[in-house]
Amino acid sequence: MSTTAANDVTFDTEVLQSDIPVLVDFWAEWCGPCKQIAPTLEEISVEFQGRLKVVKVDIEESMNTPGSLGVRGIPALFMFKDGQVVSTKTGALPASALRSWVVETLEMDGIEAA
């Protein structure tokens with residue numbers, strides 16, 4: 001499984017109604033740091049398949065959702081569980097820090113991350 005694209009129309013279905021936690025990456029094509037973390041997000045999507053869904057929302061195509069969540073800079077990473085934001089990070093994190101954040105957030109919610 002790889003990352004899933006979502007937009008203002010599909011956000012509720014893909015993220016808020018998901019049965020498993022969702023990491024949402026708000027990004028844009030022109031954003032260098034967004035491109036920098038994209039391969040790590042793909043790896044996380046594969047590594048945590050069935051335990052975590054990774055969804056990418058292009059802020060140029062979908063402006064309502066990031067605006068409603070207060071996204072002010074990208075990349076903006078939001079972790080959702082049961083339709084609620086449980087953790088956020090802004091900016092390009094090194095791969096190890098990004099993975100650690102995912103593991104810590106999942107374990108905080110009682111999900112086996114390893």
# chains A, B, ... in the order shown; residues from 1 in each chain; ligands from 1
$ residues_around --residues "region 22-27 of chain A" --least-positions-apart "2" --cutoff "8 Å" --atoms "only C-alpha atoms" --output "list in words"
Val15, Ser18, Ile20, Glu29, Cys31, Cys34, Leu52, Lys53, Val54, Val55, Lys56, Val57, Asp58, Ile59, Pro66, Ile74, Pro75, Ala76, Leu77, Phe78, Met79, Phe80 and Lys81 of chain A
$ write_last_selection --atoms "C-alpha atoms" --output "short mmCIF file (atom, residue, chain, number, x, y, z; two decimals), in the first residue's frame"
data_model
loop_
_atom_site.label_atom_id
_atom_site.label_comp_id
_atom_site.auth_asym_id
_atom_site.auth_seq_id
_atom_site.Cartn_x
_atom_site.Cartn_y
_atom_site.Cartn_z
CA VAL A 15 -9.50 10.51 7.16
CA SER A 18 -11.10 5.76 8.88
CA ILE A 20 -7.31 3.05 11.64
CA GLU A 29 4.05 20.67 -5.62
CA CYS A 31 7.29 22.92 -1.71
CA CYS A 34 7.41 18.50 1.11
CA LEU A 52 -1.74 3.43 9.79
CA LYS A 53 -3.03 5.12 6.66
CA VAL A 54 -0.96 7.90 5.08
CA VAL A 55 -3.00 10.51 3.20
CA LYS A 56 -1.65 13.44 1.18
CA VAL A 57 -3.69 16.62 0.67
CA ASP A 58 -2.43 19.13 -1.93
CA ILE A 59 -3.20 22.56 -0.44
CA PRO A 66 -6.16 22.90 5.61
CA ILE A 74 3.85 23.17 4.95
CA PRO A 75 4.68 20.42 5.14
CA ALA A 76 2.12 20.10 7.93
CA LEU A 77 1.62 16.62 9.33
CA PHE A 78 -1.50 15.76 11.31
CA MET A 79 -2.16 12.45 13.02
CA PHE A 80 -5.84 11.56 13.32
CA LYS A 81 -7.42 8.81 15.40
#
$ residues_around --residues "region 35-39 of chain A" --least-positions-apart "4" --cutoff "8 Å" --atoms "only C-alpha atoms" --output "PyMOL selection string"
chain A and resi 29+31+43+92-95
$ closest_residue --among "A:Thr88, A:Gln49, A:Thr65, A:Thr105" --to "Val9 (chain A)" --atoms "only C-alpha atoms"
A:Thr65
$ select_by_dssp --residues "chain A" --states "strand (DSSP E or B)" --output "list in words"
Thr4, Ala5, Ala6, Val22, Leu23, Val24, Asp25, Phe26, Trp27, Lys53, Val54, Val55, Lys56, Val57, Asp58, Ala76, Leu77, Phe78, Met79, Phe80, Lys81, Gln84, Val85, Val86, Ser87, Thr88, Lys89 and Thr90 of chain A
$ select_by_dssp --residues "chain A" --states "alpha helix (DSSP H)" --output "PyMOL selection string"
chain A and resi 11+32-47+64-68+95-108
$ write_last_selection --atoms "N, CA and C atoms" --output "mmCIF file, in the first residue's frame"
data_model
loop_
_atom_site.group_PDB
_atom_site.id
_atom_site.type_symbol
_atom_site.label_atom_id
_atom_site.label_comp_id
_atom_site.auth_asym_id
_atom_site.auth_seq_id
_atom_site.Cartn_x
_atom_site.Cartn_y
_atom_site.Cartn_z
ATOM 1 N N PHE A 11 -11.994 14.065 2.091
ATOM 2 C CA PHE A 11 -11.303 14.093 3.382
ATOM 3 C C PHE A 11 -12.085 13.360 4.481
ATOM 4 N N GLY A 32 9.687 22.457 -1.610
ATOM 5 C CA GLY A 32 10.880 21.606 -1.547
ATOM 6 C C GLY A 32 10.898 20.680 -0.342
ATOM 7 N N PRO A 33 10.656 21.195 0.873
ATOM 8 C CA PRO A 33 10.647 20.315 2.040
ATOM 9 C C PRO A 33 9.581 19.215 1.951
ATOM 10 N N CYS A 34 8.464 19.518 1.288
ATOM 11 C CA CYS A 34 7.415 18.500 1.108
ATOM 12 C C CYS A 34 7.941 17.347 0.255
ATOM 13 N N LYS A 35 8.667 17.696 -0.791
ATOM 14 C CA LYS A 35 9.252 16.675 -1.660
ATOM 15 C C LYS A 35 10.325 15.885 -0.912
ATOM 16 N N GLN A 36 11.014 16.555 0.002
ATOM 17 C CA GLN A 36 12.075 15.915 0.768
ATOM 18 C C GLN A 36 11.531 14.790 1.658
ATOM 19 N N ILE A 37 10.373 14.995 2.276
ATOM 20 C CA ILE A 37 9.835 13.974 3.187
ATOM 21 C C ILE A 37 8.944 12.950 2.492
ATOM 22 N N ALA A 38 8.591 13.188 1.226
ATOM 23 C CA ALA A 38 7.679 12.287 0.509
ATOM 24 C C ALA A 38 8.159 10.831 0.483
ATOM 25 N N PRO A 39 9.439 10.546 0.190
ATOM 26 C CA PRO A 39 9.860 9.140 0.182
ATOM 27 C C PRO A 39 9.728 8.476 1.562
ATOM 28 N N THR A 40 9.990 9.219 2.618
ATOM 29 C CA THR A 40 9.851 8.661 3.964
ATOM 30 C C THR A 40 8.394 8.352 4.260
ATOM 31 N N LEU A 41 7.499 9.225 3.831
ATOM 32 C CA LEU A 41 6.070 8.962 4.039
ATOM 33 C C LEU A 41 5.621 7.715 3.276
ATOM 34 N N GLU A 42 6.161 7.519 2.083
ATOM 35 C CA GLU A 42 5.851 6.299 1.317
ATOM 36 C C GLU A 42 6.338 5.065 2.079
ATOM 37 N N GLU A 43 7.559 5.140 2.612
ATOM 38 C CA GLU A 43 8.098 4.009 3.386
ATOM 39 C C GLU A 43 7.253 3.728 4.619
ATOM 40 N N ILE A 44 6.842 4.774 5.320
ATOM 41 C CA ILE A 44 5.996 4.612 6.507
ATOM 42 C C ILE A 44 4.667 3.986 6.126
ATOM 43 N N SER A 45 4.118 4.395 4.999
ATOM 44 C CA SER A 45 2.849 3.833 4.525
ATOM 45 C C SER A 45 2.949 2.325 4.336
ATOM 46 N N VAL A 46 4.072 1.875 3.779
ATOM 47 C CA VAL A 46 4.287 0.436 3.558
ATOM 48 C C VAL A 46 4.581 -0.275 4.884
ATOM 49 N N GLU A 47 5.456 0.313 5.683
ATOM 50 C CA GLU A 47 5.874 -0.303 6.940
ATOM 51 C C GLU A 47 4.718 -0.503 7.920
ATOM 52 N N ASN A 64 -10.000 24.359 1.600
ATOM 53 C CA ASN A 64 -10.916 24.410 2.744
ATOM 54 C C ASN A 64 -10.431 23.585 3.921
ATOM 55 N N THR A 65 -9.993 22.349 3.661
ATOM 56 C CA THR A 65 -9.587 21.460 4.748
ATOM 57 C C THR A 65 -8.380 22.003 5.509
ATOM 58 N N PRO A 66 -7.280 22.355 4.841
ATOM 59 C CA PRO A 66 -6.161 22.897 5.609
ATOM 60 C C PRO A 66 -6.537 24.185 6.342
ATOM 61 N N GLY A 67 -7.359 25.008 5.738
ATOM 62 C CA GLY A 67 -7.786 26.241 6.389
ATOM 63 C C GLY A 67 -8.582 25.969 7.650
ATOM 64 N N SER A 68 -9.457 24.983 7.594
ATOM 65 C CA SER A 68 -10.285 24.667 8.759
ATOM 66 C C SER A 68 -9.464 24.066 9.896
ATOM 67 N N ALA A 95 14.190 11.672 8.424
ATOM 68 C CA ALA A 95 13.450 10.404 8.359
ATOM 69 C C ALA A 95 13.344 9.733 9.721
ATOM 70 N N SER A 96 14.430 9.716 10.485
ATOM 71 C CA SER A 96 14.406 9.047 11.785
ATOM 72 C C SER A 96 13.459 9.756 12.757
ATOM 73 N N ALA A 97 13.433 11.077 12.726
ATOM 74 C CA ALA A 97 12.543 11.835 13.608
ATOM 75 C C ALA A 97 11.084 11.656 13.196
ATOM 76 N N LEU A 98 10.831 11.611 11.905
ATOM 77 C CA LEU A 98 9.471 11.410 11.410
ATOM 78 C C LEU A 98 8.951 10.033 11.815
ATOM 79 N N ARG A 99 9.789 9.025 11.630
ATOM 80 C CA ARG A 99 9.392 7.669 12.013
ATOM 81 C C ARG A 99 9.182 7.575 13.527
ATOM 82 N N SER A 100 10.062 8.200 14.315
ATOM 83 C CA SER A 100 9.922 8.182 15.781
ATOM 84 C C SER A 100 8.618 8.832 16.213
ATOM 85 N N TRP A 101 8.262 9.943 15.574
ATOM 86 C CA TRP A 101 6.997 10.620 15.890
ATOM 87 C C TRP A 101 5.814 9.696 15.620
ATOM 88 N N VAL A 102 5.844 9.016 14.482
ATOM 89 C CA VAL A 102 4.768 8.079 14.142
ATOM 90 C C VAL A 102 4.676 6.969 15.182
ATOM 91 N N VAL A 103 5.804 6.344 15.505
ATOM 92 C CA VAL A 103 5.829 5.248 16.471
ATOM 93 C C VAL A 103 5.311 5.716 17.833
ATOM 94 N N GLU A 104 5.813 6.853 18.312
ATOM 95 C CA GLU A 104 5.390 7.371 19.614
ATOM 96 C C GLU A 104 3.903 7.679 19.637
ATOM 97 N N THR A 105 3.395 8.263 18.561
ATOM 98 C CA THR A 105 1.977 8.619 18.508
ATOM 99 C C THR A 105 1.109 7.363 18.479
ATOM 100 N N LEU A 106 1.505 6.375 17.706
ATOM 101 C CA LEU A 106 0.721 5.134 17.656
ATOM 102 C C LEU A 106 0.754 4.415 19.010
ATOM 103 N N GLU A 107 1.929 4.339 19.605
ATOM 104 C CA GLU A 107 2.042 3.644 20.893
ATOM 105 C C GLU A 107 1.283 4.385 21.990
ATOM 106 N N MET A 108 1.234 5.709 21.911
ATOM 107 C CA MET A 108 0.484 6.509 22.856
ATOM 108 C C MET A 108 -1.014 6.116 22.810
#
$ closest_residue --among "A:Ala28, A:Val86, A:Asp12, A:Ala6" --to "Glu60 (chain A)" --atoms "only C-alpha atoms"
A:Ala28
$ closest_residue --among "A:Asp19, A:Val71, A:Ser62, A:Gly91" --to "Gly50 (chain A)" --atoms "only C-alpha atoms"
A:Asp19
